[in-house]
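Shown next: run_31.pdb, given as PDB, C-alpha atoms.
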```pdb
ATOM      1  CA  MET I   1      86.999 103.969  53.766
ATOM      2  CA  HIS I   2      84.708 106.207  55.827
ATOM      3  CA  ILE I   3      82.035 103.865  57.210
ATOM      4  CA  PRO I   4      78.500 105.316  56.948
ATOM      5  CA  ASP I   5      75.800 104.682  59.555
ATOM      6  CA  GLY I   6      73.915 101.409  59.223
ATOM      7  CA  PHE I   7      76.859  99.212  58.204
ATOM      8  CA  LEU I   8      77.969  98.273  61.724
ATOM      9  CA  SER I   9      76.046  96.330  64.379
ATOM     10  CA  THR I  10      75.347  97.775  67.831
ATOM     11  CA  PRO I  11      78.030  95.724  69.669
ATOM     12  CA  VAL I  12      80.654  96.768  67.104
ATOM     13  CA  LEU I  13      79.532 100.415  67.392
ATOM     14  CA  VAL I  14      79.807 100.289  71.189
ATOM     15  CA  ALA I  15      83.229  98.624  71.077
ATOM     16  CA  THR I  16      84.690 100.949  68.423
ATOM     17  CA  ASN I  17      83.365 104.117  70.050
ATOM     18  CA  ALA I  18      84.792 102.987  73.393
ATOM     19  CA  ALA I  19      88.139 102.183  71.753
ATOM     20  CA  ALA I  20      88.163 105.573  70.030
ATOM     21  CA  LEU I  21      87.367 107.410  73.293
ATOM     22  CA  VAL I  22      90.179 105.670  75.142
ATOM     23  CA  THR I  23      92.792 106.082  72.394
ATOM     24  CA  VAL I  24      91.878 109.712  71.604
ATOM     25  CA  GLY I  25      91.879 110.525  75.331
ATOM     26  CA  PHE I  26      95.335 109.017  75.636
ATOM     27  CA  ALA I  27      96.585 110.903  72.545
ATOM     28  CA  ILE I  28      95.222 114.236  73.855
ATOM     29  CA  LYS I  29      96.832 113.665  77.245
ATOM     30  CA  LYS I  30     100.200 112.784  75.723
ATOM     31  CA  ALA I  31      99.968 115.603  73.185
ATOM     32  CA  SER I  32      99.312 118.113  75.972
ATOM     33  CA  GLU I  33     102.514 117.007  77.687
ATOM     34  CA  GLU I  34     104.599 117.236  74.518
ATOM     35  CA  LEU I  35     103.015 120.140  72.695
ATOM     36  CA  ASP I  36     105.136 123.159  72.076
ATOM     37  CA  GLU I  37     103.443 126.468  71.267
ATOM     38  CA  SER I  38     105.466 126.767  68.059
ATOM     39  CA  GLN I  39     103.838 123.545  66.794
ATOM     40  CA  ILE I  40     100.301 124.929  66.831
ATOM     41  CA  PRO I  41     100.426 126.673  63.418
ATOM     42  CA  LEU I  42     101.907 123.521  61.860
ATOM     43  CA  MET I  43      99.054 121.487  63.354
ATOM     44  CA  GLY I  44      96.546 123.868  61.745
ATOM     45  CA  VAL I  45      98.217 123.704  58.346
ATOM     46  CA  THR I  46      98.582 119.905  58.522
ATOM     47  CA  ALA I  47      94.859 119.647  59.278
ATOM     48  CA  ALA I  48      94.099 121.890  56.283
ATOM     49  CA  PHE I  49      96.271 119.720  54.027
ATOM     50  CA  ILE I  50      94.700 116.459  55.188
ATOM     51  CA  PHE I  51      91.144 117.718  54.833
ATOM     52  CA  ALA I  52      91.950 119.006  51.336
ATOM     53  CA  ALA I  53      93.747 115.821  50.267
ATOM     54  CA  GLN I  54      90.818 113.681  51.416
ATOM     55  CA  MET I  55      88.459 115.659  49.131
ATOM     56  CA  LEU I  56      90.487 114.839  46.035
ATOM     57  CA  ASN I  57      89.685 111.299  44.937
ATOM     58  CA  PHE I  58      91.855 109.735  42.262
ATOM     59  CA  PRO I  59      90.635 106.840  40.083
ATOM     60  CA  ILE I  60      92.151 103.383  40.439
ATOM     61  CA  VAL I  61      91.173 100.283  38.453
ATOM     62  CA  GLY I  62      87.679  98.821  38.099
ATOM     63  CA  GLY I  63      85.549 101.961  38.380
ATOM     64  CA  THR I  64      86.793 102.673  41.899
ATOM     65  CA  SER I  65      88.468 105.696  43.426
ATOM     66  CA  GLY I  66      90.507 106.414  46.506
ATOM     67  CA  HIS I  67      92.016 109.367  48.300
ATOM     68  CA  VAL I  68      95.013 110.134  50.445
ATOM     69  CA  LEU I  69      94.392 109.696  54.192
ATOM     70  CA  GLY I  70      97.434 111.578  55.457
ATOM     71  CA  GLY I  71      97.619 109.895  58.851
ATOM     72  CA  LEU I  72     101.234 108.867  58.626
ATOM     73  CA  LEU I  73     102.265 112.275  57.287
ATOM     74  CA  ALA I  74     100.541 113.954  60.236
ATOM     75  CA  ALA I  75     102.409 111.689  62.676
ATOM     76  CA  LEU I  76     105.744 112.284  60.912
ATOM     77  CA  LEU I  77     105.318 116.061  61.157
ATOM     78  CA  LEU I  78     103.726 116.343  64.595
ATOM     79  CA  GLY I  79     104.490 113.104  66.407
ATOM     80  CA  PRO I  80     101.986 110.254  66.806
ATOM     81  CA  ASN I  81      99.876 111.901  69.530
ATOM     82  CA  ALA I  82      99.311 115.345  68.001
ATOM     83  CA  GLY I  83      99.054 113.611  64.601
ATOM     84  CA  MET I  84      96.237 111.423  65.871
ATOM     85  CA  VAL I  85      94.467 114.468  67.350
ATOM     86  CA  VAL I  86      94.603 116.205  63.944
ATOM     87  CA  MET I  87      93.203 113.114  62.168
ATOM     88  CA  THR I  88      90.404 112.871  64.732
ATOM     89  CA  VAL I  89      89.326 116.485  64.191
ATOM     90  CA  VAL I  90      89.341 115.965  60.396
ATOM     91  CA  LEU I  91      87.070 112.906  60.778
ATOM     92  CA  ILE I  92      84.689 114.735  63.161
ATOM     93  CA  VAL I  93      84.311 117.688  60.758
ATOM     94  CA  GLN I  94      83.788 115.359  57.782
ATOM     95  CA  SER I  95      81.036 113.520  59.611
ATOM     96  CA  LEU I  96      79.244 116.509  61.164
ATOM     97  CA  LEU I  97      79.458 118.986  58.276
ATOM     98  CA  PHE I  98      79.598 116.745  55.201
ATOM     99  CA  ASN I  99      77.951 113.388  56.081
ATOM    100  CA  ASP I 100      81.239 111.715  55.128
ATOM    101  CA  GLY I 101      81.347 108.842  57.605
ATOM    102  CA  GLY I 102      78.421 108.168  59.939
ATOM    103  CA  ILE I 103      78.088 109.860  63.319
ATOM    104  CA  LEU I 104      77.423 106.560  65.095
ATOM    105  CA  ALA I 105      80.321 105.066  63.128
ATOM    106  CA  LEU I 106      82.593 107.984  64.041
ATOM    107  CA  GLY I 107      84.361 105.880  66.672
ATOM    108  CA  ALA I 108      85.088 103.135  64.140
ATOM    109  CA  ASN I 109      86.407 105.647  61.602
ATOM    110  CA  ILE I 110      88.591 107.331  64.239
ATOM    111  CA  PHE I 111      89.895 103.955  65.376
ATOM    112  CA  ASN I 112      90.686 102.805  61.804
ATOM    113  CA  MET I 113      92.145 105.967  60.324
ATOM    114  CA  ALA I 114      93.451 107.971  63.299
ATOM    115  CA  PHE I 115      94.554 105.278  65.765
ATOM    116  CA  ILE I 116      95.582 102.481  63.364
ATOM    117  CA  GLY I 117      96.440 104.646  60.332
ATOM    118  CA  SER I 118      98.267 107.412  62.153
ATOM    119  CA  TRP I 119      99.328 106.420  65.680
ATOM    120  CA  CYS I 120     100.105 102.721  65.186
ATOM    121  CA  CYS I 121     101.680 103.100  61.759
ATOM    122  CA  TYR I 122     103.982 105.797  63.149
ATOM    123  CA  TRP I 123     105.566 103.151  65.391
ATOM    124  CA  VAL I 124     105.813 100.823  62.408
ATOM    125  CA  TYR I 125     107.688 103.644  60.657
ATOM    126  CA  ARG I 126     110.049 104.099  63.604
ATOM    127  CA  TRP I 127     110.795 100.391  63.674
ATOM    128  CA  LEU I 128     111.323 100.239  59.881
ATOM    129  CA  ALA I 129     113.581 103.303  59.969
ATOM    130  CA  LYS I 130     115.727 101.569  62.558
ATOM    131  CA  ILE I 131     116.125  98.289  60.687
ATOM    132  CA  SER I 132     116.152  99.525  57.065
ATOM    133  CA  LYS I 133     118.423 102.590  57.302
ATOM    134  CA  SER I 134     116.441 104.162  54.439
ATOM    135  CA  GLU I 135     114.091 106.858  55.616
ATOM    136  CA  THR I 136     112.326 107.113  52.243
ATOM    137  CA  VAL I 137     111.634 103.368  52.044
ATOM    138  CA  SER I 138     110.374 103.394  55.648
ATOM    139  CA  VAL I 139     108.039 106.323  54.942
ATOM    140  CA  ALA I 140     106.730 104.679  51.749
ATOM    141  CA  ILE I 141     106.048 101.282  53.344
ATOM    142  CA  SER I 142     104.436 102.627  56.496
ATOM    143  CA  ALA I 143     102.270 105.101  54.511
ATOM    144  CA  TRP I 144     101.100 102.247  52.273
ATOM    145  CA  LEU I 145     100.477 100.091  55.341
ATOM    146  CA  SER I 146      98.442 102.837  57.048
ATOM    147  CA  VAL I 147      95.835 102.579  54.279
ATOM    148  CA  VAL I 148      95.884  98.783  53.933
ATOM    149  CA  LEU I 149      95.822  98.080  57.678
ATOM    150  CA  GLY I 150      93.000 100.608  58.204
ATOM    151  CA  ALA I 151      91.027  98.898  55.420
ATOM    152  CA  VAL I 152      91.605  95.425  56.900
ATOM    153  CA  ILE I 153      90.415  96.555  60.357
ATOM    154  CA  CYS I 154      87.405  98.190  58.668
ATOM    155  CA  ALA I 155      86.696  94.863  56.921
ATOM    156  CA  LEU I 156      86.922  93.021  60.256
ATOM    157  CA  GLU I 157      84.366  95.418  61.765
ATOM    158  CA  LEU I 158      82.008  94.824  58.833
ATOM    159  CA  ALA I 159      82.376  91.040  59.128
ATOM    160  CA  LEU I 160      81.856  91.169  62.910
ATOM    161  CA  SER I 161      78.689  93.182  62.246
ATOM    162  CA  GLY I 162      77.378  90.374  60.064
ATOM    163  CA  ALA I 163      77.282  92.614  56.976
ATOM    164  CA  VAL I 164      79.452  90.364  54.824
ATOM    165  CA  PRO I 165      81.514  87.145  55.186
ATOM    166  CA  LEU I 166      84.967  87.671  56.700
ATOM    167  CA  VAL I 167      87.215  86.231  53.991
ATOM    168  CA  VAL I 168      85.623  88.007  51.018
ATOM    169  CA  VAL I 169      85.508  91.422  52.695
ATOM    170  CA  VAL I 170      89.067  91.254  54.053
ATOM    171  CA  ALA I 171      90.434  90.076  50.688
ATOM    172  CA  SER I 172      88.582  92.676  48.608
ATOM    173  CA  MET I 173      89.209  95.600  50.984
ATOM    174  CA  ALA I 174      92.913  94.691  51.203
ATOM    175  CA  ALA I 175      93.258  94.297  47.416
ATOM    176  CA  ILE I 176      91.598  97.623  46.548
ATOM    177  CA  HIS I 177      93.408  99.524  49.298
ATOM    178  CA  ALA I 178      96.754  98.003  48.336
ATOM    179  CA  LEU I 179      96.361 100.077  45.143
ATOM    180  CA  ILE I 180      95.069 103.205  46.919
ATOM    181  CA  GLY I 181      98.014 102.846  49.329
ATOM    182  CA  ILE I 182     100.452 103.368  46.450
ATOM    183  CA  GLY I 183      99.000 106.868  46.016
ATOM    184  CA  GLU I 184      99.299 107.401  49.773
ATOM    185  CA  ALA I 185     102.956 106.314  49.720
ATOM    186  CA  LEU I 186     103.807 108.600  46.776
ATOM    187  CA  VAL I 187     102.126 111.673  48.292
ATOM    188  CA  THR I 188     103.575 111.046  51.773
ATOM    189  CA  VAL I 189     107.123 110.557  50.467
ATOM    190  CA  ALA I 190     106.828 113.669  48.265
ATOM    191  CA  ALA I 191     105.343 115.889  50.993
ATOM    192  CA  PHE I 192     107.860 114.662  53.581
ATOM    193  CA  ALA I 193     110.809 115.236  51.219
ATOM    194  CA  PHE I 194     109.510 118.684  50.241
ATOM    195  CA  LEU I 195     109.147 119.794  53.873
ATOM    196  CA  LYS I 196     112.483 118.327  54.834
ATOM    197  CA  ARG I 197     114.116 120.375  52.110
ATOM    198  CA  THR I 198     112.294 123.662  52.647
ATOM    199  CA  LYS I 199     111.654 123.581  56.414
ATOM    200  CA  PRO I 200     113.935 120.936  57.936
ATOM    201  CA  GLU I 201     113.367 122.323  61.454
ATOM    202  CA  LEU I 202     109.684 121.334  61.278
ATOM    203  CA  VAL I 203     110.177 117.671  60.480
ATOM    204  CA  ARG I 204     110.418 115.390  63.480
ATOM    205  CA  GLY I 205     110.788 112.135  61.553
TER     206      GLY I 205
ATOM    207  CA  MET N   1      89.952 162.204  55.734
ATOM    208  CA  ASN N   2      92.856 161.866  58.119
ATOM    209  CA  ALA N   3      96.187 160.192  57.510
ATOM    210  CA  LYS N   4      94.998 156.899  58.991
ATOM    211  CA  SER N   5      92.775 156.213  55.979
ATOM    212  CA  GLU N   6      95.895 155.658  53.899
ATOM    213  CA  VAL N   7      96.481 152.389  55.732
ATOM    214  CA  LYS N   8      94.274 149.815  54.031
ATOM    215  CA  PRO N   9      94.248 146.864  56.406
ATOM    216  CA  PHE N  10      92.856 144.454  53.841
ATOM    217  CA  SER N  11      94.754 145.534  50.765
ATOM    218  CA  VAL N  12      96.192 142.836  48.528
ATOM    219  CA  LEU N  13      99.690 144.149  49.075
ATOM    220  CA  ARG N  14      99.347 143.851  52.822
ATOM    221  CA  TRP N  15      98.170 140.262  52.491
ATOM    222  CA  LEU N  16     101.038 139.420  50.141
ATOM    223  CA  ASN N  17     103.453 140.953  52.620
ATOM    224  CA  LEU N  18     101.936 138.963  55.492
ATOM    225  CA  MET N  19     102.244 135.765  53.485
ATOM    226  CA  LYS N  20     105.864 136.492  52.716
ATOM    227  CA  GLN N  21     106.536 136.778  56.447
ATOM    228  CA  ASN N  22     104.395 133.871  57.514
ATOM    229  CA  ALA N  23     105.104 130.554  55.816
ATOM    230  CA  TYR N  24     102.087 128.948  57.535
ATOM    231  CA  LEU N  25      99.666 131.502  56.105
ATOM    232  CA  LEU N  26     101.287 131.034  52.703
ATOM    233  CA  ALA N  27     100.921 127.255  52.996
ATOM    234  CA  PHE N  28      97.278 127.572  54.061
ATOM    235  CA  VAL N  29      96.415 129.839  51.114
ATOM    236  CA  ALA N  30      98.339 127.540  48.733
ATOM    237  CA  ILE N  31      96.400 124.513  50.018
ATOM    238  CA  VAL N  32      93.047 126.268  49.531
ATOM    239  CA  LEU N  33      93.921 127.455  46.010
ATOM    240  CA  ALA N  34      95.393 124.096  44.956
ATOM    241  CA  THR N  35      92.287 122.282  46.206
ATOM    242  CA  ILE N  36      89.937 124.567  44.262
ATOM    243  CA  ALA N  37      92.099 124.128  41.155
ATOM    244  CA  LEU N  38      92.129 120.327  41.487
ATOM    245  CA  LEU N  39      88.425 119.892  42.399
ATOM    246  CA  PRO N  40      87.225 119.606  38.759
ATOM    247  CA  PHE N  41      89.652 116.697  38.291
ATOM    248  CA  ALA N  42      88.631 114.787  41.437
ATOM    249  CA  SER N  43      87.126 111.373  40.693
ATOM    250  CA  GLU N  44      83.392 110.882  41.296
ATOM    251  CA  LEU N  45      83.735 107.093  41.250
ATOM    252  CA  PRO N  46      82.748 105.134  44.384
ATOM    253  CA  ASP N  47      85.610 104.735  46.862
ATOM    254  CA  GLY N  48      87.054 101.403  47.971
ATOM    255  CA  LEU N  49      84.518 100.726  50.718
ATOM    256  CA  GLU N  50      81.516 101.901  48.626
ATOM    257  CA  ARG N  51      82.682  99.608  45.825
ATOM    258  CA  VAL N  52      82.999  96.592  48.126
ATOM    259  CA  ALA N  53      79.579  97.384  49.645
ATOM    260  CA  GLU N  54      78.018  97.376  46.147
ATOM    261  CA  MET N  55      79.867  94.198  45.127
ATOM    262  CA  PHE N  56      78.798  92.177  48.153
ATOM    263  CA  GLY N  57      75.348  93.655  48.541
ATOM    264  CA  PHE N  58      75.583  95.394  51.895
ATOM    265  CA  ALA N  59      75.343  98.944  50.494
ATOM    266  CA  GLU N  60      71.600  98.930  51.258
ATOM    267  CA  ARG N  61      72.366  98.627  54.991
ATOM    268  CA  GLU N  62      73.241 102.338  54.968
ATOM    269  CA  ARG N  63      70.937 104.412  57.186
ATOM    270  CA  GLN N  64      71.333 108.125  57.370
ATOM    271  CA  VAL N  65      70.624 109.065  60.976
ATOM    272  CA  TYR N  66      71.712 112.668  60.582
ATOM    273  CA  SER N  67      71.672 115.138  57.709
ATOM    274  CA  ALA N  68      74.761 117.306  57.481
ATOM    275  CA  PRO N  69      74.530 120.924  56.286
ATOM    276  CA  LEU N  70      77.068 120.436  53.478
ATOM    277  CA  LYS N  71      76.215 116.861  52.562
ATOM    278  CA  ASP N  72      78.434 115.345  49.851
ATOM    279  CA  TYR N  73      80.821 118.305  49.912
ATOM    280  CA  THR N  74      78.565 120.760  48.134
ATOM    281  CA  LEU N  75      76.055 123.451  49.002
ATOM    282  CA  PRO N  76      72.383 122.460  49.161
ATOM    283  CA  LYS N  77      70.575 123.668  45.999
ATOM    284  CA  PHE N  78      73.800 125.204  44.750
ATOM    285  CA  GLY N  79      75.855 122.370  43.326
ATOM    286  CA  GLY N  80      78.475 122.396  40.606
ATOM    287  CA  PHE N  81      81.941 123.789  40.834
ATOM    288  CA  PHE N  82      81.105 126.834  42.957
ATOM    289  CA  GLY N  83      79.153 124.855  45.524
ATOM    290  CA  GLN N  84      82.051 122.423  45.829
ATOM    291  CA  ALA N  85      84.636 125.196  46.016
ATOM    292  CA  ILE N  86      82.751 126.921  48.849
ATOM    293  CA  ALA N  87      82.342 123.583  50.675
ATOM    294  CA  ALA N  88      86.094 123.009  50.309
ATOM    295  CA  VAL N  89      86.973 126.452  51.702
ATOM    296  CA  VAL N  90      84.550 125.978  54.618
ATOM    297  CA  GLY N  91      85.838 122.464  55.360
ATOM    298  CA  ILE N  92      89.514 123.375  55.203
ATOM    299  CA  SER N  93      89.012 126.505  57.326
ATOM    300  CA  VAL N  94      86.794 124.886  59.968
ATOM    301  CA  THR N  95      89.107 121.870  60.341
ATOM    302  CA  SER N  96      92.198 124.012  60.571
ATOM    303  CA  GLY N  97      90.554 126.458  62.977
ATOM    304  CA  LEU N  98      89.246 123.701  65.261
ATOM    305  CA  VAL N  99      92.665 122.049  65.420
ATOM    306  CA  TRP N 100      94.191 125.417  66.281
ATOM    307  CA  LEU N 101      91.648 126.036  69.055
ATOM    308  CA  LEU N 102      91.986 122.523  70.444
ATOM    309  CA  ALA N 103      95.789 122.675  70.405
ATOM    310  CA  SER N 104      95.722 126.047  72.166
ATOM    311  CA  ALA N 105      93.274 124.724  74.774
ATOM    312  CA  ILE N 106      95.434 121.639  75.397
ATOM    313  CA  LYS N 107      98.441 123.901  75.761
ATOM    314  CA  LYS N 108      96.635 126.067  78.340
ATOM    315  CA  VAL N 109      95.649 123.075  80.445
ATOM    316  CA  LYS N 110      99.256 121.994  80.420
ATOM    317  CA  GLY N 111     100.371 125.476  81.475
ATOM    318  CA  LYS N 112      98.029 125.377  84.470
ATOM    319  CA  ASN N 113      99.386 122.059  85.659
ATOM    320  CA  ALA N 114     103.006 123.037  85.283
TER     321      ALA N 114
END
```
Step by step, read the file and then write its structure as structure tokens.
Amino acid sequence: MHIPDGFLSTPVLVATNAAALVTVGFAIKKASEELDESQIPLMGVTAAFIFAAQMLNFPIVGGTSGHVLGGLLAALLLGPNAGMVVMTVVLIVQSLLFNDGGILALGANIFNMAFIGSWCCYWVYRWLAKISKSETVSVAISAWLSVVLGAVICALELALSGAVPLVVVVASMAAIHALIGIGEALVTVAAFAFLKRTKPELVRG
Amino acid sequence: MNAKSEVKPFSVLRWLNLMKQNAYLLAFVAIVLATIALLPFASELPDGLERVAEMFGFAERERQVYSAPLKDYTLPKFGGFFGQAIAAVVGISVTSGLVWLLASAIKKVKGKNA
């Protein structure tokens, strides 16, 4: 769901870039307070994993593909602030080196996938883990939600830009990403379980 | 030649030994190799947003305001599997390296304030 340049109107670009600046600034500030030196290698490896996973599209129905975003996994391993920082760097590199996501739309993509998909959905996970008592179910639902919610916010930005009517774009983006989110949930649950088993000391939860 | 030449700093054995000691290095190498292995199976179909943009006719709004050096995850004039594999290695390494540098810089700022 990387938005290219040209899709969004100027007011939406200004608003999303401002929102991204504020939220990323906050995440960096909080991360600097929490960050432990021993976490730095894990941040590097998590970034490598997320970049790699986002290159590997899998087909879903109707001649469409999707890929893992990894935002919730990053937040589970590193906490929501460092997780959001990692997602932001991935999105910047994708835009600047690979033309994946526009440079003017970078703020919108950071807001949708790093702030909503990683930071916000981490707190959804924490809340679910508290009320459901099943960590796996909480991880699965919040990973799925990170894709669907990001797609819905993306659809709102497109509708606000006058690119497409609100109802059709929200419905179609949500429907397609509800399927892509299943892949996200499976990969996140598997990666989280694998790390918990092999390196339990790394997993914050 | 003196005795020092017996130490080959970049020998395969030395790398394997390093990886055995460092789980992060092992994970990084595993991620790179797995990505290269899986690249031929990655779907070329349009993604969710591209599909919706085609369906509702706003795909033509796209304006490229900047041309990236490794556009579309491949090397210019050197496409195919090898171009993609090199783009993947560059992307994974640059992303990982930047995160490392940024995290270290954040950590230093914190150290100064403390």
Contact residues (chain I, partner chain N, 6 Å, only C-alpha atoms) as a ChimeraX atom specification: /I:1,5-7,32,44-45,47-48,51,56-59,64-66,90,96-99
message: Please expand the PyMOL selection byres ((chain I and resi 159) around 10) into the concrete residues it hits in this file, giving the result as a list in words.
response: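 With the PyMOL selection byres ((chain I and resi 159) around 10) on this model, the match is Phe7, Leu8, Ser9, Val12, Ile153, Cys154, Ala155, Leu156, Glu157, Leu158, Leu160, Ser161, Gly162, Ala163, Val164, Pro165, Leu166, Val167, Val168, Val169 and Val170 of chain I.
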With the file shown as input, list the residues that the PyMOL selection byres ((chain I and resi 71) around 8) selects, as a PyMOL selection string. chain I and resi 69-70+72-75+83-84+87+113-114+117-119+143+146
Give the padded box for region 89-104 of chain N as lines of an AutoDock Vina configuration file: axis-aligned, covering all atoms listed in the file, 6 Å on each side, centre and edge lengths in Å to one decimal.
```
center_x = 90.2
center_y = 124.2
center_z = 61.9
size_x = 23.2
size_y = 16.6
size_z = 32.5
```
re CA of Thr46 (chain I) and CA of Pro76 (chain N): distance 27.9 Å
Check your understanding: With all atoms listed in the file as the basis for distance, which of I:Ser172, I:Asn109, I:Thr23, I:Thr188 is at the shortest distance from Trp144 (chain I)?
Key ->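 For Trp144 (chain I), the nearest of the candidates is I:Thr188.
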Item to check | Coordinates-based distance that separates CA of Glu201 (chain I) from CA of Lys30 (chain I) (Å, one decimal) | outcome: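 Computing it gives 21.6 Å between the two atoms.
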Between CA of Gln94 (chain I) and CA of Ala178 (chain I) lies a distance of 23.6 Å
Tell me which residues the PyMOL selection byres ((chain I and resi 126) around 10) grabs here, as a PDB file with C-alpha atoms, in the coordinates of the input.
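Dumped to selection.pdb:
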```
ATOM      1  CA  LEU I  76     105.744 112.284  60.912  1.00  0.00           C
ATOM      2  CA  CYS I 121     101.680 103.100  61.759  1.00  0.00           C
ATOM      3  CA  TYR I 122     103.982 105.797  63.149  1.00  0.00           C
ATOM      4  CA  TRP I 123     105.566 103.151  65.391  1.00  0.00           C
ATOM      5  CA  VAL I 124     105.813 100.823  62.408  1.00  0.00           C
ATOM      6  CA  TYR I 125     107.688 103.644  60.657  1.00  0.00           C
ATOM      7  CA  TRP I 127     110.795 100.391  63.674  1.00  0.00           C
ATOM      8  CA  LEU I 128     111.323 100.239  59.881  1.00  0.00           C
ATOM      9  CA  ALA I 129     113.581 103.303  59.969  1.00  0.00           C
ATOM     10  CA  LYS I 130     115.727 101.569  62.558  1.00  0.00           C
ATOM     11  CA  ILE I 131     116.125  98.289  60.687  1.00  0.00           C
ATOM     12  CA  GLU I 135     114.091 106.858  55.616  1.00  0.00           C
ATOM     13  CA  SER I 138     110.374 103.394  55.648  1.00  0.00           C
ATOM     14  CA  VAL I 139     108.039 106.323  54.942  1.00  0.00           C
ATOM     15  CA  SER I 142     104.436 102.627  56.496  1.00  0.00           C
ATOM     16  CA  GLY I 205     110.788 112.135  61.553  1.00  0.00           C
TER      17      GLY I 205
END
```
As a compact mmCIF listing (two decimals), in the frame of the given file, please: region 26-41 of chain N completed to N, CA and C atoms.
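The resulting rebuild08.txt:
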```txt
# COMPACT_ATOMS: atom_id res chain seq x y z
N LEU N 26 101.02 131.31 54.12
CA LEU N 26 101.29 131.03 52.70
C LEU N 26 100.87 129.60 52.37
N ALA N 27 101.25 128.67 53.23
CA ALA N 27 100.92 127.26 53.00
C ALA N 27 99.41 127.06 53.01
N PHE N 28 98.73 127.71 53.96
CA PHE N 28 97.28 127.57 54.06
C PHE N 28 96.60 128.07 52.78
N VAL N 29 97.02 129.27 52.33
CA VAL N 29 96.42 129.84 51.11
C VAL N 29 96.72 128.95 49.91
N ALA N 30 97.96 128.42 49.85
CA ALA N 30 98.34 127.54 48.73
C ALA N 30 97.49 126.28 48.73
N ILE N 31 97.21 125.73 49.93
CA ILE N 31 96.40 124.51 50.02
C ILE N 31 94.98 124.79 49.52
N VAL N 32 94.41 125.93 49.95
CA VAL N 32 93.05 126.27 49.53
C VAL N 32 92.99 126.44 48.01
N LEU N 33 93.95 127.20 47.46
CA LEU N 33 93.92 127.46 46.01
C LEU N 33 94.15 126.18 45.21
N ALA N 34 95.11 125.34 45.67
CA ALA N 34 95.39 124.10 44.96
C ALA N 34 94.17 123.18 44.98
N THR N 35 93.47 123.15 46.10
CA THR N 35 92.29 122.28 46.21
C THR N 35 91.21 122.73 45.23
N ILE N 36 90.96 124.05 45.18
CA ILE N 36 89.94 124.57 44.26
C ILE N 36 90.33 124.26 42.82
N ALA N 37 91.63 124.40 42.52
CA ALA N 37 92.10 124.13 41.16
C ALA N 37 91.96 122.65 40.79
N LEU N 38 92.15 121.77 41.77
CA LEU N 38 92.13 120.33 41.49
C LEU N 38 90.73 119.71 41.56
N LEU N 39 89.78 120.44 42.21
CA LEU N 39 88.42 119.89 42.40
C LEU N 39 87.78 119.38 41.11
N PRO N 40 87.87 120.12 39.98
CA PRO N 40 87.22 119.61 38.76
C PRO N 40 87.80 118.27 38.28
N PHE N 41 89.02 117.94 38.74
CA PHE N 41 89.65 116.70 38.29
C PHE N 41 89.45 115.55 39.29
```
